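Structure file final-v8.tsv (TSV, C-alpha atoms) follows.
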chain	number	residue	atom	x	y	z
A	1	MET	CA	0.00	0.00	0.00
A	2	VAL	CA	2.74	2.46	1.01
A	3	THR	CA	4.96	1.31	-1.88
A	4	ASN	CA	2.17	1.90	-4.41
A	5	LEU	CA	1.52	5.38	-2.98
A	6	ILE	CA	5.20	6.35	-3.26
A	7	LEU	CA	5.41	5.08	-6.85
A	8	THR	CA	2.28	7.06	-7.78
A	9	MET	CA	3.73	10.22	-6.24
A	10	MET	CA	7.03	9.76	-8.07
A	11	ARG	CA	5.24	9.49	-11.43
A	12	LEU	CA	3.81	12.98	-10.86
A	13	VAL	CA	7.17	14.64	-11.63
A	14	THR	CA	9.45	13.48	-14.45
A	15	GLY	CA	12.29	14.81	-16.57
A	16	GLY	CA	13.89	17.91	-15.17
A	17	SER	CA	17.42	19.27	-15.54
A	18	PHE	CA	19.98	20.24	-12.91
A	19	HIS	CA	22.85	22.73	-13.05
A	20	SER	CA	25.64	20.83	-11.31
A	21	GLY	CA	28.04	22.82	-9.14
A	22	GLN	CA	25.66	25.78	-8.95
A	23	TYR	CA	23.61	27.21	-6.09
A	24	LEU	CA	20.76	29.71	-6.32
A	25	GLU	CA	20.94	32.37	-3.60
A	26	SER	CA	17.24	33.08	-3.17
A	27	GLN	CA	14.45	32.92	-0.62
A	28	ILE	CA	14.50	29.52	1.13
A	29	LEU	CA	10.97	28.37	1.94
A	30	LYS	CA	11.64	24.96	3.50
A	31	LEU	CA	14.50	22.53	4.19
A	32	PHE	CA	14.24	18.73	3.94
A	33	PHE	CA	16.58	15.79	4.50
A	34	ASN	CA	16.58	12.23	3.16
A	35	LEU	CA	14.80	13.11	-0.07
A	36	GLY	CA	15.84	12.21	-3.60
A	37	PRO	CA	15.77	14.89	-6.33
A	38	ARG	CA	12.35	13.95	-7.73
A	39	MET	CA	10.76	13.80	-4.28
A	40	CYS	CA	12.36	17.18	-3.54
A	41	MET	CA	10.70	18.65	-6.64
A	42	LEU	CA	7.40	16.98	-5.71
A	43	ARG	CA	7.57	18.77	-2.34
A	44	CYS	CA	8.13	21.97	-4.30
A	45	THR	CA	4.87	21.44	-6.23
A	46	ARG	CA	3.00	20.97	-2.95
A	47	TYR	CA	4.40	24.12	-1.31
A	48	ALA	CA	2.73	27.26	-2.68
A	49	GLY	CA	5.30	29.79	-3.89
A	50	CYS	CA	8.05	27.26	-4.61
A	51	THR	CA	9.55	27.67	-8.09
A	52	ALA	CA	12.97	26.00	-7.84
A	53	ILE	CA	15.17	23.76	-5.68
A	54	ASN	CA	18.77	23.49	-4.50
A	55	PHE	CA	19.89	19.90	-3.88
A	56	VAL	CA	22.92	18.02	-2.50
A	57	LYS	CA	22.93	14.44	-3.77
A	58	SER	CA	25.50	13.04	-1.33
A	59	HIS	CA	23.43	14.14	1.68
A	60	LEU	CA	19.92	13.96	0.13
A	61	TYR	CA	19.51	17.58	1.20
A	62	CYS	CA	16.71	19.65	-0.34
A	63	GLU	CA	15.95	23.39	-0.30
A	64	LEU	CA	12.63	24.69	-1.64
A	65	LEU	CA	13.06	28.16	-3.18
A	66	ASN	CA	10.97	31.10	-4.25
A	67	THR	CA	12.92	32.80	-7.02
A	68	THR	CA	12.92	36.59	-7.21
A	69	GLN	CA	14.60	39.28	-9.30
A	70	GLN	CA	17.29	39.53	-6.59
A	71	ALA	CA	18.14	35.80	-6.86
A	72	ILE	CA	21.78	35.14	-7.79
A	73	LEU	CA	23.19	31.93	-9.30
A	74	VAL	CA	26.68	31.20	-7.93
A	75	ASP	CA	29.22	28.42	-8.32
A	76	LYS	CA	29.25	26.17	-5.26
A	77	GLU	CA	30.75	22.72	-4.91
A	78	HIS	CA	28.44	19.79	-3.99
A	79	TYR	CA	25.22	21.65	-4.90
A	80	MET	CA	22.97	21.44	-7.93
A	81	TYR	CA	20.07	23.68	-8.85
A	82	SER	CA	16.86	23.07	-10.82
A	83	GLU	CA	13.95	25.23	-12.02
A	84	MET	CA	10.43	23.80	-11.73
A	85	SER	CA	9.80	24.91	-15.33
A	86	THR	CA	12.21	22.20	-16.62
A	87	TRP	CA	10.08	19.38	-15.14
A	88	MET	CA	6.99	17.64	-16.50
A	89	ILE	CA	4.42	17.76	-13.69
A	90	GLU	CA	1.32	15.59	-13.95
A	91	SER	CA	-1.92	17.35	-13.03
A	92	ASP	CA	-3.68	16.18	-9.87
A	93	THR	CA	-5.82	17.58	-7.04
A	94	CYS	CA	-2.90	19.66	-5.71
A	95	TRP	CA	-1.41	20.67	-9.06
A	96	PRO	CA	-1.65	23.37	-10.22
A	97	ASN	CA	-1.29	24.33	-6.55
A	98	PRO	CA	-4.51	26.02	-5.32
A	99	CYS	CA	-3.03	27.33	-2.04
A	100	SER	CA	-1.81	30.74	-0.90
A	101	PHE	CA	1.89	31.57	-0.51
A	102	GLY	CA	3.49	29.58	2.31
A	103	GLU	CA	0.75	26.95	2.53
A	104	THR	CA	1.16	23.24	1.80
A	105	CYS	CA	-1.42	21.41	-0.30
A	106	ILE	CA	-2.53	18.05	1.12
A	107	ILE	CA	-4.85	15.60	-0.65
A	108	THR	CA	-7.57	14.08	1.57
A	109	ASN	CA	-8.82	10.50	1.35
A	110	LYS	CA	-11.75	11.90	-0.66
A	111	ASP	CA	-9.31	13.33	-3.23
A	112	LEU	CA	-9.95	16.91	-2.15
A	113	PRO	CA	-7.21	19.55	-1.70
A	114	VAL	CA	-6.67	21.06	1.75
A	115	CYS	CA	-4.35	24.04	2.25
A	116	VAL	CA	-2.53	24.09	5.59
A	117	LYS	CA	0.15	26.32	7.09
A	118	ILE	CA	2.37	24.08	9.19
A	119	GLU	CA	4.12	25.93	11.99
A	120	GLY	CA	6.87	24.39	14.05
A	121	SER	CA	6.86	24.32	17.86
A	122	ASP	CA	10.32	25.89	18.05
A	123	TYR	CA	9.30	29.54	18.47
A	124	LEU	CA	10.47	30.92	21.83
A	125	GLY	CA	9.19	34.48	21.71
A	126	CYS	CA	9.99	38.17	21.31
A	127	TYR	CA	13.06	39.29	23.30
A	128	LYS	CA	14.76	42.58	24.09
A	129	ASP	CA	18.15	43.32	22.51
A	130	ASP	CA	20.77	46.08	22.67
A	131	ALA	CA	24.10	47.04	21.10
A	132	SER	CA	25.91	44.32	23.08
A	133	ARG	CA	23.68	41.73	21.37
A	134	HIS	CA	21.73	39.00	23.09
A	135	LEU	CA	22.67	36.57	20.28
A	136	ASN	CA	26.13	37.78	19.31
A	137	HIS	CA	27.47	35.21	16.82
A	138	ASN	CA	27.54	35.10	13.03
A	139	ILE	CA	25.28	38.12	12.45
A	140	THR	CA	24.17	38.61	8.85
A	141	GLY	CA	21.48	40.40	6.87
A	142	SER	CA	19.52	39.44	3.77
A	143	VAL	CA	16.68	40.76	1.61
A	144	HIS	CA	15.58	37.09	1.49
A	145	MET	CA	15.35	36.70	5.28
A	146	SER	CA	13.12	33.84	6.38
A	147	LEU	CA	13.10	31.35	9.24
A	148	ALA	CA	14.54	28.62	7.00
A	149	PHE	CA	17.31	31.00	5.82
A	150	CYS	CA	18.21	31.98	9.40
A	151	LYS	CA	18.15	28.40	10.68
A	152	GLN	CA	20.48	27.35	7.88
A	153	HIS	CA	22.78	30.28	8.57
A	154	CYS	CA	22.85	29.42	12.30
A	155	SER	CA	23.70	25.76	11.79
A	156	GLY	CA	25.57	24.57	14.87
A	157	TYR	CA	23.98	27.08	17.27
A	158	ARG	CA	21.24	26.42	19.83
A	159	PHE	CA	19.26	29.57	19.00
A	160	CYS	CA	18.60	31.85	16.05
A	161	GLY	CA	16.95	35.25	16.13
A	162	MET	CA	15.64	37.64	13.50
A	163	GLN	CA	15.49	41.42	13.80
A	164	VAL	CA	13.80	44.25	11.82
A	165	GLY	CA	12.86	41.77	9.07
A	166	PHE	CA	16.43	41.73	7.72
A	167	TYR	CA	18.98	40.48	10.28
A	168	CYS	CA	19.75	36.96	11.47
A	169	LEU	CA	21.67	36.43	14.73
A	170	CYS	CA	22.98	33.19	16.25
A	171	GLY	CA	23.84	32.15	19.79
A	172	ASN	CA	23.95	29.40	22.40
A	173	VAL	CA	22.72	31.19	25.55
A	174	LEU	CA	19.54	33.09	26.46
A	175	ILE	CA	20.09	35.64	29.24
A	176	GLU	CA	16.56	36.54	30.26
A	177	SER	CA	17.70	38.61	33.25
A	178	LYS	CA	19.38	41.10	30.88
A	179	TYR	CA	17.27	40.48	27.78
A	180	PRO	CA	13.73	39.74	28.99
A	181	LYS	CA	10.86	38.34	27.00
A	182	LEU	CA	8.53	41.04	25.64
A	183	PRO	CA	4.87	41.14	24.53
A	184	GLU	CA	4.45	39.60	21.07
A	185	ALA	CA	3.07	42.86	19.67
A	186	GLU	CA	6.51	44.48	20.10
A	187	CYS	CA	8.04	42.21	17.40
A	188	ASP	CA	5.99	43.72	14.61
A	189	PHE	CA	8.27	43.48	11.53
A	190	ASP	CA	7.53	40.86	8.87
A	191	CYS	CA	10.48	38.89	7.46
A	192	ASN	CA	11.64	40.37	4.14
A	193	GLY	CA	11.60	36.97	2.46
A	194	GLU	CA	8.67	35.38	4.31
A	195	PRO	CA	5.59	37.61	4.46
A	196	GLY	CA	3.39	36.82	7.44
A	197	ARG	CA	6.19	35.64	9.75
A	198	LYS	CA	7.23	38.06	12.48
A	199	CYS	CA	10.89	39.00	12.33
A	200	GLY	CA	11.59	41.12	15.40
A	201	ALA	CA	11.73	44.92	15.48
A	202	HIS	CA	14.23	47.66	16.39
A	203	TRP	CA	16.42	46.13	19.14
A	204	LYS	CA	14.00	43.22	19.50
A	205	ASN	CA	14.54	39.62	18.33
A	206	SER	CA	12.05	36.95	17.34
A	207	ILE	CA	13.96	33.93	18.71
A	208	TYR	CA	13.65	30.28	17.63
A	209	LEU	CA	15.38	27.08	18.59
A	210	GLY	CA	18.34	26.46	16.29
A	211	ASN	CA	19.07	23.26	14.44
A	212	LYS	CA	22.51	21.78	15.01
A	213	ASN	CA	21.70	18.99	12.56
A	214	ILE	CA	21.15	21.25	9.54
A	215	PHE	CA	23.56	20.38	6.77
A	216	TYR	CA	25.32	23.22	5.01
A	217	TYR	CA	28.44	23.33	2.87
A	218	ASP	CA	30.28	26.63	3.31

Would you mind writing the structure in this file as structure tokens?
Amino acid sequence: MVTNLILTMMRLVTGGSFHSGQYLESQILKLFFNLGPRMCMLRCTRYAGCTAINFVKSHLYCELLNTTQQAILVDKEHYMYSEMSTWMIESDTCWPNPCSFGETCIITNKDLPVCVKIEGSDYLGCYKDDASRHLNHNITGSVHMSLAFCKQHCSGYRFCGMQVGFYCLCGNVLIESKYPKLPEAECDFDCNGEPGRKCGAHWKNSIYLGNKNIFYYD
């Protein structure tokens, strides 16, 4: 039963071309592990707003991307990149994707599409910051800032925080005595690359658990 379902899903996406040794610097919507390239592209069809993927074959690592005018294609060892437009995608209940940006299309047992926004349980809250920095490692900024982008950037750290919609900050310690938790309404900036997700404010961080297991080739 499970085997037949997987084979049916794999038939939904065929063909496709990859640019070996290239990586698209663009908005990262979701990260997945233990997926082959076709299953990675199938996940892309199910996630509204996904138009391309970055993939690492040796680690079965998959990034779902939303390409923009600011996206830049760069040479990067181990990676390969593919546009959804190069694939043949069989029409089904969830394709073309009927959902809104950031939602995942799921097919019910009655063959009906359901659009869901799956949120993780790793959000810790809105926290005060100052010039000394609550999370003071590996600070970067990006016009594509999203939770997936920041988690990838903070690989190896226990916590990641986002500020004013643009900055990503990494760290291993929360010092609530100096940097207390604030009301959620005070983190009122949306992430530049993920509309609808709160991304801190001026001297305030939206902090999430990090992911030490995220794979990333520098």

Practice task
Would you kindly return, as a VMD selection string, each protein, DNA or RNA residue with an atom no farther than 9 Å from any atom of Ala48 of chain A, considering only C-alpha atoms and excluding same-chain residues fewer than 5 positions away?
Solution key: chain A and resid 97 to 105

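Omitting Tyr23 of chain A and its sequence neighbours fewer than 4 positions away, and counting all atoms listed in the file, the residues within 10 Å are His19, Ile53, Asn54, Phe55, Val56, Ile72, Leu73, Val74, Asp75, Lys76, Glu77, His78, Tyr79, Met80, Tyr81 and Ser82 of chain A.
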
Problem - Nearest residue to Val143 of chain A from the set A:Asn205, A:Gln27, A:Gln163, A:Asn109 (distances using only C-alpha atoms) - result: A:Gln27

Handout entry: Who sits within 12 Å of Cys62 of chain A, only C-alpha atoms, same chain under 6 positions skipped, as number ranges by chain
Key = A: 23, 28-44, 52-56, 79-82, 148, 152, 214-216

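Between atom CA of Thr67 of chain A and atom CA of Glu194 of chain A there is a distance of 12.4 Å.
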
Practice task
Within 12 Å of Ser142 of chain A, counting only C-alpha atoms, which residues show up once you throw out same-chain ones fewer than 6 positions away? Write them as a ChimeraX atom specification, please.
Solution key: /A:25-28,70-71,149-150,153,162-169,191-194

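Proximity ranking of A:Val173, A:Thr140, A:Lys204, A:Cys115 relative to Asp188 of chain A places A:Lys204 first, based on only C-alpha atoms.
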
Completion exercise
Shortest contact to Ile106 of chain A, candidates A:Arg46, A:Arg133, A:Lys128, A:Lys151, atoms counted only C-alpha atoms, goes to A:Arg46

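Minimum atom-to-atom distances from A:Ser146, A:Phe159, A:Trp87, A:Gly16 to Leu65 of chain A were compared using all atoms listed in the file, and the lowest value belongs to A:Ser146.
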
Exercise for the section: For atom CA of Leu182 of chain A and atom CA of Gly196 of chain A, determine how far apart the two atoms are, in Å to one decimal place. Expected result: 19.4 Å

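Proximity of A:Lys57, A:Gly21, A:Arg197, A:Lys178 to Ser132 of chain A, computed with all atoms listed in the file, is greatest for A:Lys178.
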
Handout entry: d(atom CA of Tyr127 of chain A, atom CA of Cys154 of chain A) in Å
Key = 17.7 Å

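Remark: for Ser91 of chain A, the closest of the candidate residues A:Cys170, A:Tyr61, A:Leu12, A:His137 is A:Leu12 (distances computed over only C-alpha atoms).
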
Taking every listed atom of segment 38-43 of chain A and adding 8 Å to each side, what centre and edge lengths in Å (one decimal) does the axis-aligned box have, as lines of an AutoDock Vina configuration file?
center_x = 9.9
center_y = 16.3
center_z = -5.0
size_x = 21.0
size_y = 21.0
size_z = 21.4

Could you complete segment 37-64 of chain A so that it carries N, CA and C atoms, and give it back as a PDB file, in the coordinates of the input?
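Heads up, here's the output in part.pdb:
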ATOM      1  N   PRO A  37      16.054  13.668  -5.558  1.00  0.00           N
ATOM      2  CA  PRO A  37      15.770  14.890  -6.330  1.00  0.00           C
ATOM      3  C   PRO A  37      14.334  14.995  -6.821  1.00  0.00           C
ATOM      4  N   ARG A  38      13.739  13.880  -7.254  1.00  0.00           N
ATOM      5  CA  ARG A  38      12.350  13.950  -7.730  1.00  0.00           C
ATOM      6  C   ARG A  38      11.379  14.201  -6.578  1.00  0.00           C
ATOM      7  N   MET A  39      11.620  13.552  -5.439  1.00  0.00           N
ATOM      8  CA  MET A  39      10.760  13.800  -4.280  1.00  0.00           C
ATOM      9  C   MET A  39      10.919  15.227  -3.786  1.00  0.00           C
ATOM     10  N   CYS A  40      12.122  15.778  -3.898  1.00  0.00           N
ATOM     11  CA  CYS A  40      12.360  17.180  -3.540  1.00  0.00           C
ATOM     12  C   CYS A  40      11.519  18.095  -4.426  1.00  0.00           C
ATOM     13  N   MET A  41      11.508  17.832  -5.737  1.00  0.00           N
ATOM     14  CA  MET A  41      10.700  18.650  -6.640  1.00  0.00           C
ATOM     15  C   MET A  41       9.215  18.435  -6.394  1.00  0.00           C
ATOM     16  N   LEU A  42       8.805  17.220  -6.033  1.00  0.00           N
ATOM     17  CA  LEU A  42       7.400  16.980  -5.710  1.00  0.00           C
ATOM     18  C   LEU A  42       6.986  17.828  -4.503  1.00  0.00           C
ATOM     19  N   ARG A  43       7.856  17.900  -3.490  1.00  0.00           N
ATOM     20  CA  ARG A  43       7.570  18.770  -2.340  1.00  0.00           C
ATOM     21  C   ARG A  43       7.424  20.218  -2.782  1.00  0.00           C
ATOM     22  N   CYS A  44       8.211  20.605  -3.766  1.00  0.00           N
ATOM     23  CA  CYS A  44       8.130  21.970  -4.300  1.00  0.00           C
ATOM     24  C   CYS A  44       6.752  22.234  -4.893  1.00  0.00           C
ATOM     25  N   THR A  45       6.204  21.251  -5.618  1.00  0.00           N
ATOM     26  CA  THR A  45       4.870  21.440  -6.230  1.00  0.00           C
ATOM     27  C   THR A  45       3.792  21.568  -5.164  1.00  0.00           C
ATOM     28  N   ARG A  46       4.010  20.952  -4.009  1.00  0.00           N
ATOM     29  CA  ARG A  46       3.000  20.970  -2.950  1.00  0.00           C
ATOM     30  C   ARG A  46       3.063  22.232  -2.097  1.00  0.00           C
ATOM     31  N   TYR A  47       4.210  22.931  -2.153  1.00  0.00           N
ATOM     32  CA  TYR A  47       4.400  24.120  -1.310  1.00  0.00           C
ATOM     33  C   TYR A  47       4.169  25.371  -2.152  1.00  0.00           C
ATOM     34  N   ALA A  48       3.103  26.101  -1.874  1.00  0.00           N
ATOM     35  CA  ALA A  48       2.730  27.260  -2.680  1.00  0.00           C
ATOM     36  C   ALA A  48       3.813  28.339  -2.625  1.00  0.00           C
ATOM     37  N   GLY A  49       4.252  28.775  -3.792  1.00  0.00           N
ATOM     38  CA  GLY A  49       5.300  29.790  -3.890  1.00  0.00           C
ATOM     39  C   GLY A  49       6.640  29.213  -4.278  1.00  0.00           C
ATOM     40  N   CYS A  50       6.787  27.882  -4.230  1.00  0.00           N
ATOM     41  CA  CYS A  50       8.050  27.260  -4.610  1.00  0.00           C
ATOM     42  C   CYS A  50       8.180  27.200  -6.129  1.00  0.00           C
ATOM     43  N   THR A  51       9.322  27.652  -6.641  1.00  0.00           N
ATOM     44  CA  THR A  51       9.550  27.670  -8.090  1.00  0.00           C
ATOM     45  C   THR A  51      10.854  26.997  -8.498  1.00  0.00           C
ATOM     46  N   ALA A  52      11.680  26.604  -7.520  1.00  0.00           N
ATOM     47  CA  ALA A  52      12.970  26.000  -7.840  1.00  0.00           C
ATOM     48  C   ALA A  52      13.499  25.271  -6.602  1.00  0.00           C
ATOM     49  N   ILE A  53      14.554  24.464  -6.807  1.00  0.00           N
ATOM     50  CA  ILE A  53      15.170  23.760  -5.680  1.00  0.00           C
ATOM     51  C   ILE A  53      16.690  23.805  -5.778  1.00  0.00           C
ATOM     52  N   ASN A  54      17.350  23.821  -4.619  1.00  0.00           N
ATOM     53  CA  ASN A  54      18.770  23.490  -4.500  1.00  0.00           C
ATOM     54  C   ASN A  54      18.849  22.095  -3.889  1.00  0.00           C
ATOM     55  N   PHE A  55      19.830  21.296  -4.334  1.00  0.00           N
ATOM     56  CA  PHE A  55      19.890  19.900  -3.880  1.00  0.00           C
ATOM     57  C   PHE A  55      21.341  19.463  -3.733  1.00  0.00           C
ATOM     58  N   VAL A  56      21.602  18.633  -2.701  1.00  0.00           N
ATOM     59  CA  VAL A  56      22.920  18.020  -2.500  1.00  0.00           C
ATOM     60  C   VAL A  56      22.716  16.515  -2.511  1.00  0.00           C
ATOM     61  N   LYS A  57      23.183  15.859  -3.577  1.00  0.00           N
ATOM     62  CA  LYS A  57      22.930  14.440  -3.770  1.00  0.00           C
ATOM     63  C   LYS A  57      23.553  13.578  -2.688  1.00  0.00           C
ATOM     64  N   SER A  58      24.782  13.884  -2.285  1.00  0.00           N
ATOM     65  CA  SER A  58      25.500  13.040  -1.330  1.00  0.00           C
ATOM     66  C   SER A  58      24.831  13.016   0.045  1.00  0.00           C
ATOM     67  N   HIS A  59      24.071  14.060   0.375  1.00  0.00           N
ATOM     68  CA  HIS A  59      23.430  14.140   1.680  1.00  0.00           C
ATOM     69  C   HIS A  59      21.897  14.116   1.579  1.00  0.00           C
ATOM     70  N   LEU A  60      21.373  13.951   0.345  1.00  0.00           N
ATOM     71  CA  LEU A  60      19.920  13.960   0.130  1.00  0.00           C
ATOM     72  C   LEU A  60      19.279  15.175   0.815  1.00  0.00           C
ATOM     73  N   TYR A  61      19.909  16.328   0.563  1.00  0.00           N
ATOM     74  CA  TYR A  61      19.510  17.580   1.200  1.00  0.00           C
ATOM     75  C   TYR A  61      18.764  18.443   0.182  1.00  0.00           C
ATOM     76  N   CYS A  62      17.615  18.970   0.585  1.00  0.00           N
ATOM     77  CA  CYS A  62      16.710  19.650  -0.340  1.00  0.00           C
ATOM     78  C   CYS A  62      16.310  21.020   0.201  1.00  0.00           C
ATOM     79  N   GLU A  63      16.444  22.047  -0.631  1.00  0.00           N
ATOM     80  CA  GLU A  63      15.950  23.390  -0.300  1.00  0.00           C
ATOM     81  C   GLU A  63      14.859  23.773  -1.290  1.00  0.00           C
ATOM     82  N   LEU A  64      13.699  24.168  -0.794  1.00  0.00           N
ATOM     83  CA  LEU A  64      12.630  24.690  -1.640  1.00  0.00           C
ATOM     84  C   LEU A  64      12.801  26.205  -1.736  1.00  0.00           C
TER      85      LEU A  64
END
